[in-house]
>>> print(open('query15.txt').read())   # compact mmCIF, C-alpha atoms and all ligand atoms
# COMPACT_ATOMS: atom_id res chain seq x y z
CA MET H 1 -25.58 23.87 6.98
CA GLU H 2 -24.04 21.54 9.56
CA LEU H 3 -20.75 20.03 8.45
CA LYS H 4 -20.67 16.24 8.32
CA TYR H 5 -17.54 14.74 9.92
CA LEU H 6 -16.76 11.03 10.23
CA SER H 7 -14.27 10.18 12.97
CA GLU H 8 -11.64 7.42 12.88
CA GLN H 9 -14.00 5.17 14.82
CA GLN H 10 -16.90 5.85 12.42
CA VAL H 11 -14.72 5.21 9.36
CA ASN H 12 -13.54 1.92 10.85
CA GLN H 13 -17.11 0.88 11.62
CA LEU H 14 -18.48 1.73 8.18
CA LEU H 15 -15.66 0.78 5.81
CA ASP H 16 -14.73 -2.88 6.07
CA MET H 17 -11.79 -4.26 4.11
CA LYS H 18 -13.89 -6.27 1.67
CA THR H 19 -15.95 -3.23 0.71
CA CYS H 20 -12.79 -1.16 0.33
CA ILE H 21 -11.22 -3.75 -1.99
CA GLY H 22 -14.32 -3.40 -4.19
CA LEU H 23 -14.05 0.40 -4.15
CA MET H 24 -10.36 0.23 -5.09
CA LYS H 25 -11.15 -2.08 -8.02
CA ASP H 26 -13.64 0.58 -9.16
CA VAL H 27 -10.94 3.28 -8.85
CA PHE H 28 -8.50 1.51 -11.17
CA THR H 29 -11.23 0.46 -13.59
CA ALA H 30 -12.33 4.13 -13.79
CA PHE H 31 -8.68 5.11 -14.42
CA ALA H 32 -8.51 2.62 -17.28
CA GLU H 33 -11.65 4.16 -18.78
CA GLY H 34 -10.25 7.72 -18.46
CA LYS H 35 -12.78 8.61 -15.75
CA MET H 36 -10.42 9.51 -12.91
CA GLU H 37 -8.12 12.49 -12.40
CA ASN H 38 -5.35 12.40 -9.87
CA LYS H 39 -2.73 15.04 -9.14
CA LEU H 40 0.71 14.31 -7.80
CA ARG H 41 0.90 15.04 -4.11
CA SER H 42 2.75 18.07 -2.77
CA VAL H 43 4.99 17.12 0.10
CA PHE H 44 6.33 19.74 2.49
CA PRO H 45 9.12 18.86 4.91
CA VAL H 46 8.08 20.25 8.30
CA GLU H 47 11.18 19.23 10.25
CA ALA H 48 13.58 16.29 10.02
CA GLY H 49 11.45 13.12 9.86
CA LYS H 50 8.18 15.07 9.63
CA ILE H 51 6.25 15.79 6.44
CA PHE H 52 2.94 17.41 5.51
CA GLY H 53 1.27 16.23 2.30
CA ILE H 54 -1.59 17.55 0.16
CA MET H 55 -3.23 15.05 -2.21
CA PRO H 56 -5.98 16.30 -4.59
CA ALA H 57 -8.20 14.33 -6.99
CA VAL H 58 -11.31 14.71 -9.15
CA VAL H 59 -13.70 11.75 -9.26
CA PRO H 60 -16.14 12.29 -12.16
CA THR H 61 -17.86 8.95 -11.51
CA GLU H 62 -19.06 10.30 -8.12
CA ASP H 63 -19.43 13.98 -9.15
CA VAL H 64 -16.94 14.96 -6.46
CA CYS H 65 -13.50 16.41 -6.04
CA GLY H 66 -11.46 16.49 -2.89
CA ALA H 67 -8.15 16.24 -1.16
CA LYS H 68 -6.40 14.50 1.67
CA LEU H 69 -4.31 16.60 4.03
CA ILE H 70 -1.93 14.38 5.94
CA THR H 71 1.02 14.57 8.31
CA VAL H 72 3.53 11.70 8.50
CA PHE H 73 5.56 11.97 11.72
CA HIS H 74 7.31 8.66 12.36
CA SER H 75 8.36 9.72 15.87
CA ASN H 76 4.67 9.94 16.87
CA HIS H 77 4.74 6.40 18.23
CA GLU H 78 6.77 7.69 21.17
CA LYS H 79 3.70 9.78 22.05
CA GLY H 80 1.26 6.92 21.52
CA LEU H 81 -0.06 8.51 18.30
CA PRO H 82 -0.24 6.99 14.78
CA SER H 83 2.51 8.06 12.36
CA HIS H 84 -0.11 9.13 9.77
CA LEU H 85 -2.74 11.71 10.83
CA GLY H 86 -5.05 13.48 8.45
CA VAL H 87 -8.41 14.39 7.01
CA VAL H 88 -10.10 13.89 3.63
CA ALA H 89 -12.35 16.71 2.37
CA VAL H 90 -14.97 16.03 -0.32
CA PHE H 91 -16.68 18.69 -2.48
CA SER H 92 -19.52 18.48 -4.99
CA THR H 93 -18.44 19.13 -8.59
CA GLU H 94 -21.97 20.39 -9.35
CA ASP H 95 -22.00 23.41 -7.04
CA GLY H 96 -18.66 23.28 -5.22
CA GLN H 97 -20.21 22.67 -1.80
CA LEU H 98 -18.19 20.92 0.86
CA LEU H 99 -20.01 17.61 1.37
CA GLY H 100 -18.06 16.59 4.43
CA LEU H 101 -14.82 15.52 6.06
CA CYS H 102 -13.57 12.07 7.05
CA ASP H 103 -10.73 10.99 9.27
CA GLY H 104 -7.72 10.42 7.00
CA THR H 105 -5.79 8.09 9.31
CA ALA H 106 -8.34 5.30 9.06
CA ILE H 107 -8.92 5.79 5.32
CA THR H 108 -5.17 5.73 4.60
CA ALA H 109 -4.75 2.56 6.61
CA ILE H 110 -7.62 0.63 5.02
CA ARG H 111 -7.28 1.74 1.41
CA THR H 112 -3.54 0.98 1.28
CA GLY H 113 -4.10 -2.62 2.31
CA ALA H 114 -7.07 -2.85 -0.06
CA VAL H 115 -5.05 -1.63 -3.08
CA SER H 116 -2.32 -4.19 -2.35
CA ALA H 117 -5.02 -6.86 -2.21
CA VAL H 118 -6.26 -5.81 -5.66
CA ALA H 119 -2.69 -6.02 -7.00
CA THR H 120 -2.04 -9.34 -5.24
CA GLU H 121 -5.18 -10.89 -6.70
CA LEU H 122 -4.11 -9.81 -10.19
CA LEU H 123 -0.37 -10.50 -9.98
CA SER H 124 0.41 -13.26 -7.48
CA ARG H 125 0.22 -16.98 -8.15
CA LYS H 126 -3.22 -18.35 -7.34
CA ASP H 127 -1.68 -21.09 -5.17
CA SER H 128 0.19 -18.56 -2.96
CA ASN H 129 -0.31 -19.62 0.65
CA THR H 130 2.69 -18.29 2.57
CA MET H 131 3.15 -14.61 3.30
CA CYS H 132 5.87 -12.46 4.80
CA LEU H 133 5.39 -9.14 6.55
CA ILE H 134 8.48 -6.94 6.75
CA GLY H 135 7.33 -4.42 9.35
CA GLY H 136 4.82 -4.88 12.12
CA GLY H 137 2.88 -1.61 12.30
CA VAL H 138 -0.47 -0.38 10.96
CA GLN H 139 0.20 -1.48 7.38
CA ALA H 140 1.33 -4.95 8.44
CA ASP H 141 -2.02 -5.32 10.20
CA MET H 142 -3.93 -3.99 7.15
CA HIS H 143 -2.02 -6.18 4.68
CA LEU H 144 -2.77 -9.25 6.77
CA LYS H 145 -6.46 -8.34 6.79
CA ALA H 146 -6.56 -7.53 3.06
CA ILE H 147 -4.47 -10.29 1.53
CA THR H 148 -6.13 -13.07 3.50
CA LEU H 149 -9.31 -12.02 1.68
CA VAL H 150 -7.81 -12.72 -1.76
CA ARG H 151 -5.45 -15.66 -1.12
CA ASP H 152 -5.73 -18.73 1.11
CA ILE H 153 -2.85 -17.88 3.45
CA LYS H 154 -1.74 -20.66 5.80
CA LYS H 155 1.56 -19.30 7.15
CA VAL H 156 2.73 -15.75 7.96
CA THR H 157 6.34 -14.90 8.79
CA VAL H 158 7.05 -11.53 10.41
CA TRP H 159 10.25 -9.52 10.63
CA CYS H 160 10.55 -6.22 12.53
CA PRO H 161 13.65 -4.35 13.70
CA THR H 162 13.38 -6.18 17.05
CA LEU H 163 12.35 -9.78 17.66
CA ALA H 164 10.19 -8.54 20.54
CA GLU H 165 8.08 -6.48 18.09
CA SER H 166 7.72 -9.44 15.68
CA GLU H 167 6.63 -11.64 18.58
CA ARG H 168 4.15 -9.04 19.79
CA PHE H 169 2.65 -8.78 16.30
CA CYS H 170 2.26 -12.56 16.01
CA GLU H 171 0.84 -12.96 19.51
CA SER H 172 -1.71 -10.19 19.00
CA HIS H 173 -2.99 -11.63 15.69
CA LYS H 174 -3.07 -15.38 16.38
CA ALA H 175 -6.53 -15.49 17.90
CA GLN H 176 -8.06 -13.46 15.05
CA TYR H 177 -6.64 -15.82 12.37
CA PRO H 178 -6.90 -19.33 13.85
CA GLY H 179 -6.16 -21.06 10.54
CA ILE H 180 -2.81 -19.30 10.11
CA GLU H 181 0.55 -20.26 11.61
CA PHE H 182 2.44 -17.10 12.69
CA ILE H 183 6.24 -17.20 12.86
CA PRO H 184 8.22 -14.26 14.30
CA CYS H 185 11.69 -14.19 12.73
CA GLU H 186 14.93 -12.83 14.13
CA ASN H 187 16.44 -12.63 10.67
CA CYS H 188 14.75 -10.97 7.66
CA GLU H 189 16.13 -13.51 5.17
CA ASP H 190 14.50 -16.35 7.11
CA ALA H 191 11.17 -14.51 7.00
CA VAL H 192 11.41 -13.93 3.23
CA LYS H 193 12.94 -17.06 1.74
CA ASP H 194 9.84 -19.34 1.59
CA ALA H 195 7.21 -16.63 1.17
CA ASP H 196 4.90 -16.63 -1.86
CA ILE H 197 3.78 -13.07 -1.06
CA ILE H 198 6.11 -10.49 0.52
CA ASN H 199 4.91 -7.16 1.88
CA THR H 200 7.43 -4.43 2.70
CA VAL H 201 5.63 -2.04 5.04
CA THR H 202 8.35 -0.05 6.79
CA PRO H 203 9.61 3.56 6.68
CA SER H 204 13.15 2.27 6.16
CA PRO H 205 15.20 4.61 3.92
CA VAL H 206 17.53 1.76 2.87
CA PRO H 207 16.73 -1.71 1.45
CA VAL H 208 15.18 -4.23 3.82
CA LEU H 209 14.41 -6.76 1.03
CA PHE H 210 17.20 -8.20 -1.11
CA GLY H 211 16.61 -9.90 -4.44
CA LYS H 212 18.89 -12.83 -3.59
CA TRP H 213 16.43 -13.89 -0.83
CA VAL H 214 13.28 -13.87 -2.98
CA LYS H 215 12.10 -17.24 -4.25
CA LYS H 216 10.92 -17.91 -7.79
CA GLY H 217 7.25 -17.19 -8.34
CA ALA H 218 6.92 -14.74 -5.44
CA HIS H 219 4.86 -11.56 -5.50
CA ILE H 220 6.03 -8.43 -3.64
CA ASN H 221 3.91 -5.52 -2.45
CA ALA H 222 6.40 -2.67 -1.95
CA VAL H 223 4.44 -0.16 0.10
CA GLY H 224 6.61 1.69 2.59
CA ALA H 225 9.00 3.79 0.48
CA CYS H 226 7.08 6.78 -0.88
CA SER H 227 9.83 9.22 -1.74
CA LYS H 228 12.65 9.41 -4.27
CA THR H 229 15.28 9.29 -1.50
CA THR H 230 14.03 6.13 0.23
CA ARG H 231 13.82 2.52 -0.87
CA GLU H 232 12.90 -0.83 0.67
CA LEU H 233 14.05 -3.04 -2.24
CA ASP H 234 17.61 -3.44 -3.46
CA SER H 235 18.33 -3.00 -7.17
CA GLU H 236 18.77 -6.73 -7.78
CA CYS H 237 15.29 -7.38 -6.43
CA VAL H 238 13.72 -4.87 -8.82
CA ALA H 239 15.85 -6.03 -11.78
CA LYS H 240 14.89 -9.70 -11.43
CA ALA H 241 11.14 -8.98 -11.20
CA LYS H 242 8.30 -7.81 -13.43
CA LEU H 243 7.55 -4.33 -12.11
CA PHE H 244 4.07 -2.77 -11.89
CA CYS H 245 2.96 0.42 -10.13
CA ASP H 246 -0.25 2.08 -8.95
CA ASN H 247 0.29 5.09 -11.24
CA TYR H 248 3.06 5.95 -13.73
CA ASP H 249 3.31 9.64 -12.75
CA SER H 250 3.65 8.86 -9.05
CA CYS H 251 6.12 6.06 -9.62
CA ARG H 252 8.34 8.15 -11.91
CA ASN H 253 8.11 11.14 -9.57
CA GLU H 254 8.74 9.64 -6.15
CA ALA H 255 9.28 5.87 -6.03
CA GLY H 256 12.81 5.31 -4.73
CA ASP H 257 12.41 1.56 -5.31
CA TYR H 258 12.17 2.35 -9.06
CA LEU H 259 14.36 5.47 -9.26
CA PHE H 260 17.45 4.10 -7.49
CA PRO H 261 17.99 1.13 -9.87
CA LEU H 262 17.04 3.34 -12.83
CA ASN H 263 19.64 5.97 -11.90
CA GLU H 264 22.23 3.26 -11.24
CA GLY H 265 21.63 1.95 -14.79
CA VAL H 266 20.53 -1.46 -13.45
CA ILE H 267 17.10 -1.17 -15.13
CA LYS H 268 15.72 0.89 -18.01
CA GLU H 269 12.47 2.88 -18.04
CA SER H 270 10.91 0.04 -20.03
CA HIS H 271 11.35 -2.19 -16.97
CA LEU H 272 8.20 -0.60 -15.54
CA LEU H 273 5.63 -2.76 -17.34
CA GLY H 274 2.32 -1.24 -16.35
CA ASP H 275 0.10 0.49 -13.85
CA LEU H 276 -2.80 -1.04 -11.97
CA ALA H 277 -5.34 0.45 -14.39
CA GLU H 278 -3.65 -1.39 -17.27
CA VAL H 279 -3.34 -4.57 -15.23
CA ILE H 280 -6.98 -4.59 -14.11
CA SER H 281 -8.24 -3.93 -17.63
CA GLY H 282 -5.96 -6.60 -19.13
CA LYS H 283 -4.09 -4.08 -21.32
CA VAL H 284 -0.67 -5.36 -20.25
CA GLU H 285 0.75 -8.83 -19.91
CA THR H 286 1.53 -9.79 -16.31
CA ARG H 287 2.75 -13.15 -15.01
CA THR H 288 3.48 -15.49 -17.92
CA ASN H 289 4.91 -18.39 -15.96
CA GLU H 290 4.89 -19.74 -12.42
CA ASP H 291 8.52 -18.71 -11.84
CA ASP H 292 7.99 -15.02 -12.62
CA ILE H 293 8.57 -12.67 -9.69
CA THR H 294 6.19 -9.70 -9.66
CA ILE H 295 6.39 -6.39 -7.79
CA PHE H 296 3.54 -4.01 -7.08
CA GLU H 297 5.10 -0.62 -6.27
CA SER H 298 2.56 1.35 -4.20
CA GLN H 299 2.83 5.10 -3.69
CA GLY H 300 -0.76 5.76 -2.61
CA LEU H 301 -3.07 7.99 -4.66
CA ALA H 302 -5.39 10.84 -3.69
CA CYS H 303 -8.26 9.36 -5.69
CA GLU H 304 -8.18 6.25 -3.47
CA ASP H 305 -8.79 8.48 -0.44
CA VAL H 306 -11.43 10.67 -2.07
CA VAL H 307 -13.39 7.67 -3.38
CA CYS H 308 -13.42 6.12 0.11
CA ALA H 309 -14.50 9.40 1.71
CA ALA H 310 -17.23 10.02 -0.89
CA TRP H 311 -18.58 6.51 -0.29
CA LEU H 312 -18.46 6.98 3.49
CA LEU H 313 -20.29 10.31 3.37
CA LYS H 314 -23.15 8.64 1.45
CA GLN H 315 -23.68 5.98 4.16
N1 LIG C 401 2.00 3.29 -0.34
C1 LIG C 401 1.06 3.83 0.39
O1 LIG C 401 -0.02 4.16 -0.08
C2 LIG C 401 1.27 4.00 1.88
C3 LIG C 401 0.18 4.26 2.71
C4 LIG C 401 0.38 4.33 4.09
C5 LIG C 401 1.66 4.18 4.62
N2 LIG C 401 2.70 3.99 3.76
C6 LIG C 401 4.07 3.85 4.28
O2 LIG C 401 4.22 2.53 4.76
C7 LIG C 401 5.18 2.51 5.83
C8 LIG C 401 4.57 1.80 7.02
O3 LIG C 401 3.43 2.52 7.47
P1 LIG C 401 2.71 2.13 8.84
O4 LIG C 401 1.51 2.98 8.92
O5 LIG C 401 2.58 0.66 8.97
O6 LIG C 401 3.81 2.64 9.89
P2 LIG C 401 3.99 2.20 11.38
O7 LIG C 401 4.80 3.28 12.00
O8 LIG C 401 2.69 1.83 11.99
O9 LIG C 401 4.87 0.85 11.31
C9 LIG C 401 6.20 0.87 10.79
C10 LIG C 401 6.87 -0.48 11.02
O10 LIG C 401 8.18 -0.44 10.42
C11 LIG C 401 9.18 -0.74 11.39
N3 LIG C 401 10.38 0.07 11.12
C12 LIG C 401 10.61 1.35 11.50
N4 LIG C 401 11.80 1.75 11.02
C13 LIG C 401 12.33 0.70 10.36
C14 LIG C 401 13.55 0.49 9.66
N5 LIG C 401 14.46 1.47 9.54
N6 LIG C 401 13.76 -0.72 9.09
C15 LIG C 401 12.84 -1.69 9.18
N7 LIG C 401 11.66 -1.54 9.82
C16 LIG C 401 11.42 -0.37 10.40
C17 LIG C 401 8.56 -0.40 12.73
O11 LIG C 401 9.21 -1.11 13.78
C18 LIG C 401 7.10 -0.84 12.49
O12 LIG C 401 6.99 -2.23 12.63
C19 LIG C 401 5.53 3.98 6.09
O13 LIG C 401 6.73 4.31 5.46
C20 LIG C 401 4.38 4.73 5.47
O14 LIG C 401 4.70 6.04 5.09
C21 LIG C 401 2.54 3.87 2.42
>>> encode(input="query15.txt", output="structure tokens")
Amino acid sequence: MELKYLSEQQVNQLLDMKTCIGLMKDVFTAFAEGKMENKLRSVFPVEAGKIFGIMPAVVPTEDVCGAKLITVFHSNHEKGLPSHLGVVAVFSTEDGQLLGLCDGTAITAIRTGAVSAVATELLSRKDSNTMCLIGGGVQADMHLKAITLVRDIKKVTVWCPTLAESERFCESHKAQYPGIEFIPCENCEDAVKDADIINTVTPSPVPVLFGKWVKKGAHINAVGACSKTTRELDSECVAKAKLFCDNYDSCRNEAGDYLFPLNEGVIKESHLLGDLAEVISGKVETRTNEDDITIFESQGLACEDVVCAAWLLKQ
């Protein structure tokens, strides 16, 4: 039997952001109904700054199981390659056959933005119209695409390690979003202070977002720090917000944004109020007033990748 393989280009052509947001809503609804099984990822350090991850999941709603194999090499940009490269393999749970493979770079990019959009729709104020991007790489691009589908964004501020990168990001997106004012910022505080929605999408190991900058009522998607030794948010930021995650096991296992303030004694375990399955099914209380600050702590789950790949292989 010929093996079906969908390239990065094919994934990008088939899986648009709106469709992916719908698939991700299905993932967390299935979780809430006990119809999704996700294993913690195994992460192997390859060399300094280079990791190899294996992320398995069983998706009973699609009669499939599968895994994403992914490398994250942040120095890849110097070679003109993406930092995340990988593949998602999908198997039938009826007879164990390999149903196909899909490019994991494109799936990772799209599904991460889509999950943040699901969280933003559920947690942010409905009148949110200003957004900040801390970071100007693949995930900044995906979060712009995703969040503009769930909130009427009028202004986007961007902060990157260099002003030149922030300017490049704004210039290259202006034409695609004519209704949005793009502002590159030299200073991260300036980018954050008026934002209704803040996305941290960097590989920074130390905080880039400080609680003292965040305005009342803001929602934060904390996406970049996916290990227990790295964090993008300072402890004050986490302590002053209502904290939600994609998955309790992942958050407790590897979310530096949660584990640093917990280990410092700044927050207690009870500070983590719910996962996205509980939020989407209305099992936990979320924002109770317009001044609440909310955080969605994203680690990225194998089932998100396998659901996307299973859907793609059926097209
Ligand atoms: N939660 C998830 O599911 C998920 C999924 C994909 C990626 N990620 C993580 O999100 C982060 C961003 O991913 P990406 O694909 O956009 O990466 P990318 O390499 O395309 O972009 C990274 C951006 O961060 C900036 N940056 C680099 N080092 C920085 C530092 N020390 N401080 C501040 N900014 C810095 C870069 O200039 C660039 O703008 C990575 O850490 C990645 O591992 C998380």
>>> residues_around(input="query15.txt", residues="range 106-112 of chain H", least_positions_apart="5", cutoff="9 Å", atoms="all atoms listed in the file", output="PyMOL selection string")
chain H and resi 7-9+11-12+15-17+20-21+23-24+84-88+117+138-139+142-143+146+223+298+300+304-305+308-309
>>> residues_near_ligand(input="query15.txt", ligand="ligand LIG 401 (chain C)", cutoff="7 Å", atoms="only C-alpha atoms and all ligand atoms", output="ChimeraX atom specification")
/H:72,74,77,82-84,108-109,112,134-140,160-161,165,201-205,208,223-226,298-301
>>> residues_around(input="query15.txt", residues="Ser128 in chain H", least_positions_apart="5", cutoff="12 Å", atoms="only C-alpha atoms", output="MDAnalysis selection string")
chainID H and resid 120:121 123 147:148 150:156 194:198 216:220 290
>>> write_last_selection(input="query15.txt", atoms="C-alpha atoms", output="short mmCIF file (atom, residue, chain, number, x, y, z; two decimals), in the frame of the given file")
data_model
loop_
_atom_site.label_atom_id
_atom_site.label_comp_id
_atom_site.auth_asym_id
_atom_site.auth_seq_id
_atom_site.Cartn_x
_atom_site.Cartn_y
_atom_site.Cartn_z
CA THR H 120 -2.04 -9.34 -5.24
CA GLU H 121 -5.18 -10.89 -6.70
CA LEU H 123 -0.37 -10.50 -9.98
CA ILE H 147 -4.47 -10.29 1.53
CA THR H 148 -6.13 -13.07 3.50
CA VAL H 150 -7.81 -12.72 -1.76
CA ARG H 151 -5.45 -15.66 -1.12
CA ASP H 152 -5.73 -18.73 1.11
CA ILE H 153 -2.85 -17.88 3.45
CA LYS H 154 -1.74 -20.66 5.80
CA LYS H 155 1.56 -19.30 7.15
CA VAL H 156 2.73 -15.75 7.96
CA ASP H 194 9.84 -19.34 1.59
CA ALA H 195 7.21 -16.63 1.17
CA ASP H 196 4.90 -16.63 -1.86
CA ILE H 197 3.78 -13.07 -1.06
CA ILE H 198 6.11 -10.49 0.52
CA LYS H 216 10.92 -17.91 -7.79
CA GLY H 217 7.25 -17.19 -8.34
CA ALA H 218 6.92 -14.74 -5.44
CA HIS H 219 4.86 -11.56 -5.50
CA ILE H 220 6.03 -8.43 -3.64
CA GLU H 290 4.89 -19.74 -12.42
#
>>> residues_around(input="query15.txt", residues="Ser281 in chain H", least_positions_apart="4", cutoff="12 Å", atoms="all atoms listed in the file", output="PyMOL selection string")
chain H and resi 25-34+122+274-277+285-286
>>> residues_near_point(input="query15.txt", point="(-11.1, 16.0, -9.7)", cutoff="9 Å", atoms="all atoms listed in the file", output="VMD selection string")
chain H and resid 36 to 39 56 to 60 63 to 66 93 303
>>> write_last_selection(input="query15.txt", atoms="C-alpha atoms", output="mmCIF file, in the frame of the given file")
data_model
loop_
_atom_site.group_PDB
_atom_site.id
_atom_site.type_symbol
_atom_site.label_atom_id
_atom_site.label_comp_id
_atom_site.auth_asym_id
_atom_site.auth_seq_id
_atom_site.Cartn_x
_atom_site.Cartn_y
_atom_site.Cartn_z
ATOM 1 C CA MET H 36 -10.420 9.510 -12.910
ATOM 2 C CA GLU H 37 -8.120 12.490 -12.400
ATOM 3 C CA ASN H 38 -5.350 12.400 -9.870
ATOM 4 C CA LYS H 39 -2.730 15.040 -9.140
ATOM 5 C CA PRO H 56 -5.980 16.300 -4.590
ATOM 6 C CA ALA H 57 -8.200 14.330 -6.990
ATOM 7 C CA VAL H 58 -11.310 14.710 -9.150
ATOM 8 C CA VAL H 59 -13.700 11.750 -9.260
ATOM 9 C CA PRO H 60 -16.140 12.290 -12.160
ATOM 10 C CA ASP H 63 -19.430 13.980 -9.150
ATOM 11 C CA VAL H 64 -16.940 14.960 -6.460
ATOM 12 C CA CYS H 65 -13.500 16.410 -6.040
ATOM 13 C CA GLY H 66 -11.460 16.490 -2.890
ATOM 14 C CA THR H 93 -18.440 19.130 -8.590
ATOM 15 C CA CYS H 303 -8.260 9.360 -5.690
#
>>> atom_distance(input="query15.txt", atom1="CA of Leu312 in chain H", atom2="CA of Gly104 in chain H")
11.8 Å
>>> atom_distance(input="query15.txt", atom1="CA of Leu163 in chain H", atom2="CA of Asp190 in chain H")
12.6 Å
>>> atom_distance(input="query15.txt", atom1="CA of Val115 in chain H", atom2="CA of Arg41 in chain H")
17.7 Å
>>> closest_residue(input="query15.txt", among="H:Val158, H:Leu133, H:Ala89, H:Cys170", to="Asn199 in chain H", atoms="only C-alpha atoms")
H:Leu133
>>> residues_around(input="query15.txt", residues="Pro261 in chain H", least_positions_apart="2", cutoff="8 Å", atoms="only C-alpha atoms", output="PyMOL selection string")
chain H and resi 234-235+238-239+257-259+263-267
>>> write_last_selection(input="query15.txt", atoms="C-alpha atoms", output="PDB file, in the frame of the given file")
ATOM      1  CA  ASP H 234      17.610  -3.440  -3.460  1.00  0.00           C
ATOM      2  CA  SER H 235      18.330  -3.000  -7.170  1.00  0.00           C
ATOM      3  CA  VAL H 238      13.720  -4.870  -8.820  1.00  0.00           C
ATOM      4  CA  ALA H 239      15.850  -6.030 -11.780  1.00  0.00           C
ATOM      5  CA  ASP H 257      12.410   1.560  -5.310  1.00  0.00           C
ATOM      6  CA  TYR H 258      12.170   2.350  -9.060  1.00  0.00           C
ATOM      7  CA  LEU H 259      14.360   5.470  -9.260  1.00  0.00           C
ATOM      8  CA  ASN H 263      19.640   5.970 -11.900  1.00  0.00           C
ATOM      9  CA  GLU H 264      22.230   3.260 -11.240  1.00  0.00           C
ATOM     10  CA  GLY H 265      21.630   1.950 -14.790  1.00  0.00           C
ATOM     11  CA  VAL H 266      20.530  -1.460 -13.450  1.00  0.00           C
ATOM     12  CA  ILE H 267      17.100  -1.170 -15.130  1.00  0.00           C
TER      13      ILE H 267
END
>>> residues_around(input="query15.txt", residues="Leu209 in chain H", least_positions_apart="2", cutoff="10 Å", atoms="only C-alpha atoms", output="list of chain:residue names")
H:Ile134, H:Cys188, H:Glu189, H:Val192, H:Ile198, H:Asn199, H:Thr200, H:Val206, H:Pro207, H:Gly211, H:Lys212, H:Trp213, H:Val214, H:Ile220, H:Ala222, H:Arg231, H:Glu232, H:Leu233, H:Asp234, H:Ser235, H:Glu236, H:Cys237
>>> residues_near_point(input="query15.txt", point="(4.9, 1.1, -7.8)", cutoff="6 Å", atoms="all atoms listed in the file", output="ChimeraX atom specification")
/H:244-246,251,296-298
>>> axis_aligned_box(input="query15.txt", around="range 114-128 of chain H", padding_each_side="5 Å", output="lines of an AutoDock Vina configuration file")
center_x = -3.3
center_y = -11.4
center_z = -5.1
size_x = 17.5
size_y = 29.5
size_z = 20.1
>>> closest_residue(input="query15.txt", among="H:Ser227, H:Ile293, H:Gly256, H:Ser172", to="Pro45 in chain H", atoms="only C-alpha atoms")
H:Ser227
>>> closest_residue(input="query15.txt", among="H:Cys185, H:Leu313, H:Ala119, H:Val90", to="Leu243 in chain H", atoms="all atoms listed in the file")
H:Ala119
